[in-house]
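Source file: run-v1.txt. Holds: compact mmCIF, C-alpha atoms and all ligand atoms.
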# COMPACT_ATOMS: atom_id res chain seq x y z
CA MET A 2 47.81 -2.12 0.74
CA ALA A 3 44.36 -0.92 1.74
CA HIS A 4 42.91 -2.53 4.87
CA ILE A 5 39.25 -3.06 5.55
CA LYS A 6 37.81 -3.58 9.02
CA ASP A 7 38.76 -7.03 10.39
CA HIS A 8 35.21 -8.29 10.80
CA LEU A 9 34.60 -7.83 7.06
CA GLN A 10 37.01 -10.65 6.24
CA THR A 11 34.44 -13.28 7.19
CA ILE A 12 31.27 -11.39 6.33
CA GLU A 13 28.57 -13.46 4.64
CA THR A 14 27.48 -11.51 1.58
CA ASN A 15 24.34 -13.49 0.77
CA TYR A 16 21.37 -11.13 0.54
CA ILE A 17 18.01 -12.86 0.17
CA PHE A 18 16.77 -10.68 -2.69
CA SER A 19 19.95 -11.30 -4.72
CA PHE A 20 19.48 -15.04 -4.17
CA VAL A 21 15.86 -14.89 -5.40
CA SER A 22 16.87 -12.84 -8.47
CA GLU A 23 19.62 -15.32 -9.37
CA GLN A 24 17.27 -18.31 -9.13
CA LYS A 25 14.63 -16.52 -11.18
CA ARG A 26 17.08 -15.81 -13.95
CA LEU A 27 17.19 -19.51 -14.84
CA PHE A 28 13.57 -19.34 -16.07
CA ASP A 29 11.76 -17.68 -18.94
CA PRO A 30 10.18 -14.60 -17.28
CA LYS A 31 7.01 -15.18 -19.32
CA GLN A 32 6.44 -18.50 -17.52
CA LEU A 33 6.88 -17.06 -14.05
CA ILE A 34 4.38 -15.52 -11.68
CA ASP A 35 6.56 -13.25 -9.65
CA LEU A 36 5.29 -12.78 -6.11
CA GLY A 37 8.83 -12.34 -4.91
CA ILE A 38 10.89 -9.22 -4.54
CA GLY A 39 8.00 -6.80 -4.11
CA ASP A 40 8.68 -4.54 -7.06
CA ILE A 41 5.87 -2.65 -8.77
CA ALA A 42 3.64 -4.39 -11.34
CA TYR A 43 2.23 -1.32 -13.09
CA PRO A 44 4.16 1.25 -15.10
CA LEU A 45 4.66 4.78 -13.89
CA ASN A 46 1.37 6.64 -14.02
CA ASP A 47 1.02 9.02 -17.03
CA PHE A 48 0.11 11.81 -14.69
CA ILE A 49 3.39 11.39 -12.76
CA SER A 50 5.43 10.84 -15.90
CA ASN A 51 4.06 14.10 -17.38
CA ALA A 52 5.22 15.98 -14.28
CA LEU A 53 8.63 14.37 -14.66
CA GLN A 54 8.88 15.33 -18.33
CA LYS A 55 7.69 18.87 -17.69
CA ALA A 56 10.34 19.35 -15.02
CA THR A 57 13.03 17.94 -17.32
CA GLN A 58 11.97 20.40 -20.03
CA GLU A 59 12.17 23.19 -17.47
CA MET A 60 15.76 22.19 -16.83
CA ALA A 61 16.46 22.32 -20.56
CA GLY A 62 14.88 25.78 -20.92
CA SER A 63 17.26 28.71 -20.93
CA SER A 64 15.58 30.97 -18.37
CA LYS A 65 16.69 29.25 -15.17
CA LEU A 66 19.53 26.91 -14.36
CA TYR A 67 18.83 23.85 -12.25
CA GLY A 68 22.19 22.65 -11.02
CA TYR A 69 22.80 21.14 -7.61
CA GLY A 70 19.62 21.40 -5.58
CA PRO A 71 19.37 21.69 -1.80
CA GLU A 72 20.93 18.51 -0.33
CA CYS A 73 17.97 17.90 1.98
CA GLY A 74 15.35 18.54 -0.71
CA TYR A 75 13.42 21.36 -2.36
CA LEU A 76 11.05 23.37 -0.21
CA PHE A 77 8.10 22.71 -2.56
CA LEU A 78 8.28 18.96 -1.85
CA LYS A 79 8.85 19.39 1.89
CA GLU A 80 5.78 21.63 2.07
CA ALA A 81 3.70 19.18 0.03
CA ILE A 82 4.72 16.38 2.44
CA LEU A 83 3.87 18.42 5.53
CA SER A 84 0.48 19.44 4.21
CA GLN A 85 -0.66 15.94 3.20
CA CYS A 86 -0.66 14.44 6.69
CA SER A 87 -2.44 16.04 9.63
CA ALA A 88 0.00 14.39 12.06
CA TYR A 89 2.80 16.44 10.47
CA HIS A 90 1.23 19.82 11.21
CA SER A 91 3.72 20.80 13.92
CA PHE A 92 6.87 20.11 11.88
CA THR A 93 8.83 22.65 9.91
CA PRO A 94 10.37 22.02 6.46
CA ASP A 95 13.81 21.74 8.08
CA GLU A 96 12.63 18.63 9.91
CA VAL A 97 11.82 16.88 6.59
CA ILE A 98 14.73 15.38 4.69
CA ILE A 99 14.19 14.26 1.11
CA THR A 100 16.14 11.19 0.07
CA ASP A 101 16.55 8.72 -2.78
CA GLY A 102 14.18 6.28 -1.07
CA ILE A 103 14.28 4.85 2.43
CA ALA A 104 17.03 2.24 2.13
CA THR A 105 19.80 4.87 2.18
CA PRO A 106 18.79 6.91 5.24
CA ILE A 107 17.43 4.08 7.38
CA THR A 108 20.72 2.21 7.11
CA LEU A 109 22.70 5.30 8.09
CA PHE A 110 21.85 5.14 11.78
CA PRO A 111 23.91 2.16 12.97
CA LEU A 112 26.92 3.97 11.47
CA LEU A 113 26.31 7.05 13.65
CA MET A 114 25.63 5.25 16.91
CA HIS A 115 28.10 4.69 19.75
CA PRO A 116 29.52 1.10 19.84
CA SER A 117 27.74 0.51 23.16
CA THR A 118 24.33 1.06 21.50
CA ARG A 119 21.82 -1.74 21.90
CA PHE A 120 19.37 -2.24 19.05
CA ALA A 121 15.99 -3.99 18.94
CA ILE A 122 14.60 -5.37 15.70
CA GLN A 123 11.39 -7.18 14.88
CA SER A 124 12.15 -10.70 13.74
CA PRO A 125 11.45 -11.33 10.89
CA SER A 126 12.32 -7.95 9.46
CA TYR A 127 13.27 -6.10 6.28
CA PRO A 128 16.77 -7.58 5.81
CA ALA A 129 18.67 -4.31 5.33
CA TYR A 130 18.44 -3.42 9.06
CA LEU A 131 20.44 -6.47 10.10
CA GLU A 132 22.68 -6.49 7.05
CA ILE A 133 23.89 -2.94 7.74
CA MET A 134 24.72 -3.92 11.31
CA LYS A 135 26.68 -6.87 9.96
CA LEU A 136 28.60 -4.49 7.68
CA GLN A 137 29.14 -2.07 10.52
CA GLY A 138 30.34 -4.83 12.85
CA THR A 139 27.65 -4.44 15.50
CA ALA A 140 28.10 -7.29 18.00
CA PRO A 141 25.17 -9.74 17.91
CA SER A 142 24.97 -9.36 21.71
CA HIS A 143 23.98 -5.72 21.07
CA ILE A 144 20.95 -6.72 19.02
CA GLU A 145 17.75 -7.91 20.66
CA LEU A 146 15.59 -9.73 18.12
CA LEU A 147 11.89 -9.45 18.92
CA PRO A 148 10.44 -12.74 17.65
CA ALA A 149 6.99 -12.74 16.05
CA GLN A 150 4.36 -14.33 18.27
CA TYR A 151 1.90 -16.41 16.34
CA LYS A 152 -1.58 -16.60 17.81
CA GLU A 153 -4.78 -15.74 16.03
CA THR A 154 -2.96 -12.65 14.88
CA LEU A 155 0.74 -12.02 14.66
CA SER A 156 2.39 -9.56 17.02
CA PHE A 157 5.83 -8.51 18.20
CA PRO A 158 6.78 -8.22 21.89
CA LEU A 159 8.35 -5.12 23.36
CA PRO A 160 12.08 -5.50 24.14
CA THR A 161 12.78 -7.47 27.31
CA SER A 162 16.03 -5.61 27.97
CA LYS A 163 16.87 -1.91 27.85
CA VAL A 164 17.65 -0.96 24.24
CA ASP A 165 18.66 2.39 22.75
CA VAL A 166 17.44 2.16 19.16
CA ILE A 167 14.40 0.28 17.84
CA TYR A 168 13.77 -0.52 14.20
CA LEU A 169 9.99 -0.63 13.99
CA CYS A 170 8.21 -1.25 10.71
CA SER A 171 4.46 -0.87 10.21
CA PRO A 172 2.80 -1.92 7.96
CA HIS A 173 5.36 -4.62 8.32
CA ASN A 174 7.60 -6.17 5.73
CA PRO A 175 7.64 -9.19 5.49
CA THR A 176 4.64 -10.31 7.60
CA GLY A 177 2.13 -7.81 6.20
CA ILE A 178 0.64 -7.01 9.64
CA ALA A 179 0.20 -3.43 10.89
CA LEU A 180 0.33 -1.97 14.40
CA THR A 181 -2.88 -0.52 15.74
CA ARG A 182 -2.96 2.83 17.53
CA GLN A 183 -3.15 1.00 20.85
CA GLU A 184 -0.10 -1.15 20.06
CA LEU A 185 1.92 1.75 18.72
CA LYS A 186 1.20 3.69 21.92
CA GLN A 187 2.98 0.94 23.89
CA TRP A 188 6.09 1.28 21.72
CA VAL A 189 6.16 5.04 22.18
CA GLU A 190 5.71 4.58 25.94
CA TYR A 191 8.55 2.05 26.01
CA ALA A 192 10.82 4.46 24.11
CA LYS A 193 9.97 7.33 26.46
CA GLN A 194 10.53 5.27 29.58
CA ASN A 195 13.81 3.81 28.33
CA ASP A 196 15.19 6.87 26.60
CA ALA A 197 15.21 4.95 23.32
CA LEU A 198 14.97 6.15 19.73
CA ILE A 199 12.43 4.60 17.33
CA LEU A 200 13.29 4.41 13.64
CA TYR A 201 9.79 4.01 12.27
CA ASP A 202 9.71 2.52 8.78
CA GLY A 203 6.47 3.52 7.06
CA ALA A 204 7.36 2.31 3.56
CA TYR A 205 3.85 0.83 3.14
CA GLN A 206 1.91 3.65 4.80
CA ALA A 207 -0.18 4.22 1.64
CA PHE A 208 -1.62 0.69 1.88
CA ILE A 209 -3.28 1.11 5.28
CA THR A 210 -7.01 0.34 5.16
CA ARG A 211 -8.19 0.02 8.77
CA ASP A 212 -9.08 3.08 10.86
CA GLU A 213 -7.38 1.64 13.95
CA VAL A 214 -4.02 1.66 12.17
CA PRO A 215 -2.40 5.10 12.28
CA SER A 216 -0.80 6.26 9.06
CA SER A 217 1.94 8.06 10.97
CA ILE A 218 3.61 7.36 14.30
CA TYR A 219 3.14 11.08 15.07
CA GLU A 220 -0.57 10.39 15.59
CA ILE A 221 0.62 9.05 18.94
CA GLU A 222 1.15 11.72 21.56
CA GLY A 223 4.79 12.18 22.48
CA ALA A 224 6.13 10.28 19.44
CA ASP A 225 7.81 13.47 18.26
CA GLU A 226 10.14 13.20 21.27
CA VAL A 227 11.34 9.68 20.44
CA ALA A 228 10.67 8.72 16.81
CA LEU A 229 11.93 9.39 13.31
CA GLU A 230 9.55 8.40 10.52
CA PHE A 231 10.70 7.13 7.10
CA CYS A 232 8.38 7.10 4.10
CA SER A 233 8.85 6.20 0.47
CA PHE A 234 7.23 6.88 -2.89
CA SER A 235 8.55 3.50 -4.11
CA LYS A 236 5.54 1.26 -3.69
CA SER A 237 2.81 3.86 -3.26
CA ALA A 238 3.54 5.84 -6.44
CA GLY A 239 5.61 3.40 -8.51
CA PHE A 240 8.95 5.09 -7.78
CA THR A 241 11.10 1.97 -7.28
CA GLY A 242 13.03 2.97 -10.38
CA LEU A 243 12.83 6.75 -9.91
CA ARG A 244 13.95 6.77 -6.24
CA CYS A 245 12.42 9.23 -3.82
CA GLY A 246 11.47 9.11 -0.17
CA TYR A 247 11.81 11.22 2.93
CA PHE A 248 12.23 11.06 6.64
CA ILE A 249 11.14 13.29 9.48
CA CYS A 250 13.57 13.99 12.27
CA PRO A 251 11.81 16.12 14.91
CA GLN A 252 14.01 18.91 16.26
CA LYS A 253 12.88 17.95 19.78
CA ILE A 254 14.94 14.76 19.63
CA HIS A 255 18.30 14.91 21.34
CA VAL A 256 20.95 12.23 21.60
CA ARG A 257 23.94 11.87 23.87
CA ALA A 258 27.48 12.38 22.58
CA ASN A 259 30.47 12.34 24.87
CA GLY A 260 28.19 12.91 27.86
CA HIS A 261 26.45 15.94 26.32
CA LEU A 262 23.05 16.29 24.68
CA THR A 263 23.12 17.17 21.02
CA SER A 264 20.47 17.71 18.33
CA LEU A 265 19.91 14.65 16.15
CA LEU A 266 18.42 16.81 13.39
CA LYS A 267 21.60 18.86 13.19
CA LEU A 268 23.66 15.71 12.90
CA VAL A 269 21.53 13.96 10.26
CA THR A 270 21.26 17.14 8.21
CA TYR A 271 25.05 17.40 8.26
CA ALA A 272 25.39 13.69 7.35
CA ARG A 273 23.02 14.20 4.42
CA ILE A 274 24.93 17.25 3.19
CA VAL A 275 28.21 15.37 3.34
CA THR A 276 26.99 12.15 1.72
CA SER A 277 24.51 13.35 -0.89
CA ASN A 278 24.05 16.11 -3.37
CA GLY A 279 20.29 15.69 -3.27
CA VAL A 280 17.58 14.03 -5.31
CA ALA A 281 17.03 15.02 -8.96
CA TYR A 282 14.72 18.01 -9.46
CA PRO A 283 12.35 16.22 -11.90
CA VAL A 284 12.02 13.31 -9.47
CA GLN A 285 11.07 15.70 -6.66
CA LYS A 286 8.55 17.42 -8.97
CA ALA A 287 7.06 14.00 -9.79
CA ALA A 288 6.88 13.21 -6.06
CA GLU A 289 5.13 16.54 -5.44
CA MET A 290 2.61 15.58 -8.10
CA ALA A 291 2.09 12.18 -6.45
CA LEU A 292 0.98 14.02 -3.30
CA SER A 293 -1.44 16.34 -5.08
CA PHE A 294 -5.19 15.72 -5.00
CA GLU A 295 -5.19 14.55 -8.64
CA GLY A 296 -2.01 12.54 -8.15
CA LYS A 297 -3.46 10.67 -5.19
CA LYS A 298 -6.56 9.88 -7.25
CA HIS A 299 -4.47 8.37 -10.06
CA ILE A 300 -2.11 6.50 -7.76
CA GLY A 301 -5.02 5.32 -5.63
CA ARG A 302 -6.25 3.25 -8.57
CA ASP A 303 -3.01 1.26 -8.68
CA ILE A 304 -3.04 0.83 -4.91
CA ALA A 305 -6.64 -0.44 -5.13
CA LYS A 306 -5.54 -2.99 -7.75
CA TYR A 307 -2.67 -4.15 -5.52
CA HIS A 308 -5.12 -4.53 -2.65
CA GLU A 309 -7.37 -6.60 -4.88
CA ALA A 310 -4.50 -8.83 -6.01
CA THR A 311 -3.42 -9.29 -2.38
CA ALA A 312 -7.00 -10.19 -1.41
CA VAL A 313 -7.15 -12.78 -4.22
CA LEU A 314 -3.97 -14.40 -2.86
CA LYS A 315 -5.11 -14.25 0.76
CA GLU A 316 -8.58 -15.61 0.01
CA GLY A 317 -7.11 -18.34 -2.22
CA LEU A 318 -4.78 -19.50 0.57
CA ASN A 319 -7.70 -19.48 3.00
CA GLN A 320 -9.82 -21.57 0.64
CA LEU A 321 -7.01 -24.10 0.44
CA GLY A 322 -6.96 -24.32 4.23
CA PHE A 323 -3.54 -22.67 4.60
CA THR A 324 -2.57 -20.36 7.43
CA SER A 325 -1.40 -16.87 6.56
CA TYR A 326 -0.98 -13.45 8.19
CA GLY A 327 -1.09 -9.88 6.93
CA GLY A 328 -2.32 -8.75 3.54
CA ILE A 329 -4.90 -6.26 4.81
CA ASP A 330 -2.98 -3.04 5.48
CA CYS A 331 0.05 -4.13 3.49
CA PRO A 332 0.62 -5.85 0.15
CA TYR A 333 2.50 -8.76 1.75
CA ILE A 334 1.22 -12.10 2.99
CA TRP A 335 3.17 -14.25 5.44
CA TRP A 336 2.29 -17.80 4.48
CA LYS A 337 2.90 -20.72 6.81
CA ILE A 338 4.50 -23.46 4.74
CA PRO A 339 1.99 -26.31 4.58
CA THR A 340 4.65 -29.05 4.56
CA ASP A 341 7.65 -29.75 6.78
CA GLN A 342 10.09 -28.43 4.16
CA THR A 343 12.51 -25.62 4.89
CA SER A 344 11.60 -22.32 3.29
CA ILE A 345 14.46 -22.66 0.77
CA SER A 346 13.28 -26.08 -0.28
CA PHE A 347 9.65 -24.87 -0.51
CA PHE A 348 10.90 -21.89 -2.55
CA GLU A 349 12.55 -24.35 -4.97
CA PHE A 350 9.40 -26.44 -5.15
CA LEU A 351 7.23 -23.40 -5.98
CA LEU A 352 9.72 -22.16 -8.54
CA ASN A 353 10.53 -25.44 -10.27
CA GLN A 354 7.10 -27.07 -10.18
CA LEU A 355 4.66 -24.17 -10.26
CA HIS A 356 6.83 -21.38 -11.65
CA ILE A 357 5.77 -19.16 -8.78
CA VAL A 358 8.38 -16.91 -7.20
CA ALA A 359 8.02 -16.24 -3.46
CA VAL A 360 10.62 -15.22 -0.89
CA PRO A 361 11.84 -17.85 1.59
CA GLY A 362 11.15 -16.77 5.14
CA SER A 363 14.64 -17.71 6.29
CA GLY A 364 15.96 -14.69 4.37
CA PHE A 365 14.23 -12.38 6.85
CA GLY A 366 15.97 -13.61 9.98
CA LYS A 367 16.40 -16.64 12.14
CA ASP A 368 12.86 -16.64 13.53
CA SER A 369 11.31 -16.92 10.07
CA GLU A 370 11.87 -20.52 9.06
CA GLY A 371 8.64 -22.26 8.12
CA TYR A 372 7.17 -19.23 6.33
CA MET A 373 7.15 -17.68 2.84
CA ARG A 374 6.48 -14.08 1.89
CA LEU A 375 4.08 -13.53 -1.00
CA SER A 376 3.88 -10.11 -2.57
CA GLY A 377 0.55 -8.71 -3.70
CA LEU A 378 2.36 -6.10 -5.78
CA THR A 379 1.21 -8.00 -8.83
CA THR A 380 -1.71 -7.92 -11.21
CA ILE A 381 -5.08 -9.43 -10.30
CA GLU A 382 -4.70 -11.83 -13.26
CA LYS A 383 -1.36 -13.13 -12.01
CA ALA A 384 -2.62 -13.48 -8.45
CA THR A 385 -5.57 -15.49 -9.78
CA GLN A 386 -3.27 -17.69 -11.88
CA ALA A 387 -1.00 -18.32 -8.89
CA ILE A 388 -3.94 -19.52 -6.82
CA GLN A 389 -5.12 -21.71 -9.73
CA ARG A 390 -1.68 -23.32 -9.93
CA LEU A 391 -1.61 -23.90 -6.18
CA THR A 392 -5.16 -25.27 -6.17
CA THR A 393 -4.38 -27.78 -8.92
CA THR A 394 -1.26 -28.97 -7.14
CA TYR A 395 -2.78 -29.24 -3.70
CA ARG A 396 -5.95 -30.92 -4.96
CA GLU A 397 -3.65 -33.59 -6.39
CA VAL A 398 -1.74 -33.83 -3.12
CA TYR A 399 -4.89 -34.11 -1.00
CA ALA A 400 -6.47 -36.55 -3.45
CA HIS A 401 -3.75 -39.11 -2.60
N1 LIG B 1 11.77 -0.39 4.16
C1 LIG B 1 10.99 -1.43 3.87
C2 LIG B 1 10.22 -2.06 4.98
C3 LIG B 1 10.93 -1.93 2.58
O1 LIG B 1 10.16 -2.98 2.31
C4 LIG B 1 11.67 -1.30 1.56
C5 LIG B 1 11.67 -1.79 0.20
O2 LIG B 1 11.17 -2.81 -0.15
C6 LIG B 1 12.48 -0.22 1.92
C7 LIG B 1 12.49 0.22 3.23
C8 LIG B 1 13.30 0.50 0.91
O3 LIG B 1 12.48 1.30 0.14
P1 LIG B 1 13.05 2.35 -0.90
O4 LIG B 1 12.69 1.84 -2.25
O5 LIG B 1 12.34 3.62 -0.54
O6 LIG B 1 14.52 2.47 -0.69
Could you express the structure from this file as structure tokens?
Amino acid sequence: MAHIKDHLQTIETNYIFSFVSEQKRLFDPKQLIDLGIGDIAYPLNDFISNALQKATQEMAGSSKLYGYGPECGYLFLKEAILSQCSAYHSFTPDEVIITDGIATPITLFPLLMHPSTRFAIQSPSYPAYLEIMKLQGTAPSHIELLPAQYKETLSFPLPTSKVDVIYLCSPHNPTGIALTRQELKQWVEYAKQNDALILYDGAYQAFITRDEVPSSIYEIEGADEVALEFCSFSKSAGFTGLRCGYFICPQKIHVRANGHLTSLLKLVTYARIVTSNGVAYPVQKAAEMALSFEGKKHIGRDIAKYHEATAVLKEGLNQLGFTSYGGIDCPYIWWKIPTDQTSISFFEFLLNQLHIVAVPGSGFGKDSEGYMRLSGLTTIEKATQAIQRLTTTYREVYAH
């Protein structure tokens, strides 16, 4: 009989996004305003879809065979990535690894780390970081949760103990806040002083609006000695269904194995070669197009509409006197529940009474009770309708 690891016998397999999807399924989708999972609201741009079709036709042509591509990605896409961000100028194509989105590579790291590794994670956080540690069997005592501090703005403290690996997400899912250059500098300093590695999740990089928020951690001096950066085409270019992303692993970064220093890039390249046969050629061509001048122009229109929808939600909550965070450099809003309900019970209220789907805060970690995440990856019309539904309900409540 096959044996799995002992800790997996009692593993809780409830993932917040699966829970939300199941609950949603009980309703007619036409009735619902979905501000939940954070999937795209606009179809793939024609410009991108043409690039995809052209590349597929190329594969069907007889002149050149496109079989297995390079496991870590085609050079044309790596070069396009390096040339679109000034903070990437010192990296070589070998330091860029093309992936099927961020979820796969960012969850690889706990599997590679020594069992003594201590992790730090913002709390709340994108659930996959903690879920993969649960799967891997990382002891909770090896995870320092960095609880959100709620003042006028929301911030996360630096670790209070010495940690080895930090999951750092900015713009941040689920709270929608983003780290300024000054704040990010402190994280890089911490990592340098403590010999820690930062796994910097930049899934929402394309949504940054403020100048003080860097679009890459490599804008901070010395970050290339301590940080890997993960970026995705999912939300910025509508690739949630196509699947493409990348990460940068600077060759300067070394890790310790059996008392010796070894190159992390060499190891992750090897891991990628062993576990993947690469991302489809047409998908990489479409991603290249998304980074072109024209592509950015086309995609920028969808991003602008998401920003507008997010602003409608944020402003609507403000008008109703509710407290919320984020929503400026990121399409998520972290909404303080205006009643004393738990986030699951408030989720049920919104779904059953208003037919609005949001994500209960408790799904993002133990420090998140009392909050809901609203996604601005919706249309302006739907955002407006959601606020109308909330306004009607809360006017009634306040009228009593
Ligand atoms: N990281 C964060 C913070 C996310 O919010 C998401 C998706 O929602 C991911 C990673 C995964 O993105 P991808 O679609 O590239 O796998």
Just want the 7 Å neighbourhood of segment 74-79 of chain A, counted on all atoms listed in the file, with same-chain residues fewer than 5 positions away dropped. Output as a list in words. Pro94, Val97, Ile98, Ile99, Gly279, Val280, Gln285 and Glu289 of chain A
Please write out the residues within 9 Å of ligand LIG 1 (chain B) as a ChimeraX atom specification, counting only C-alpha atoms and all ligand atoms. /A:38-40,100-107,126-130,170-175,202-205,231-236,240-242,244-247
Nearby residues (all atoms listed in the file) at most 12 Å from Gly366 of chain A, same-chain spacing under 2 positions excluded, as JSON, numbers by chain: {"A": [16, 17, 122, 123, 124, 125, 126, 127, 128, 129, 130, 131, 132, 146, 147, 148, 149, 174, 175, 344, 361, 362, 363, 364, 368, 369, 370, 371, 372]}
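Minimum atom-to-atom distances from A:Lys186, A:Lys65, A:Lys135, A:Arg119 to Tyr168 of chain A were compared using only C-alpha atoms, and the lowest value belongs to A:Arg119.
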Expressed in Å, the length from atom CA of Ala179 of chain A to atom CA of Trp335 of chain A is 12.5 Å
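For the pair atom CA of Gln354 of chain A and atom CA of Lys306 of chain A, the interatomic distance is 27.3 Å.
We find atom CA of Ser142 of chain A and atom CA of Lys193 of chain A to be spaced 22.9 Å apart.
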Top pick for closest residue to Ile133 of chain A, considering A:Thr14, A:Ile221, A:Ser64, A:Pro160 and counting all atoms listed in the file: A:Thr14
With only C-alpha atoms as the basis for distance, which of A:Ile167, A:Leu9, A:Leu318, A:Ala56 is at the shortest distance from Glu145 of chain A? A:Ile167
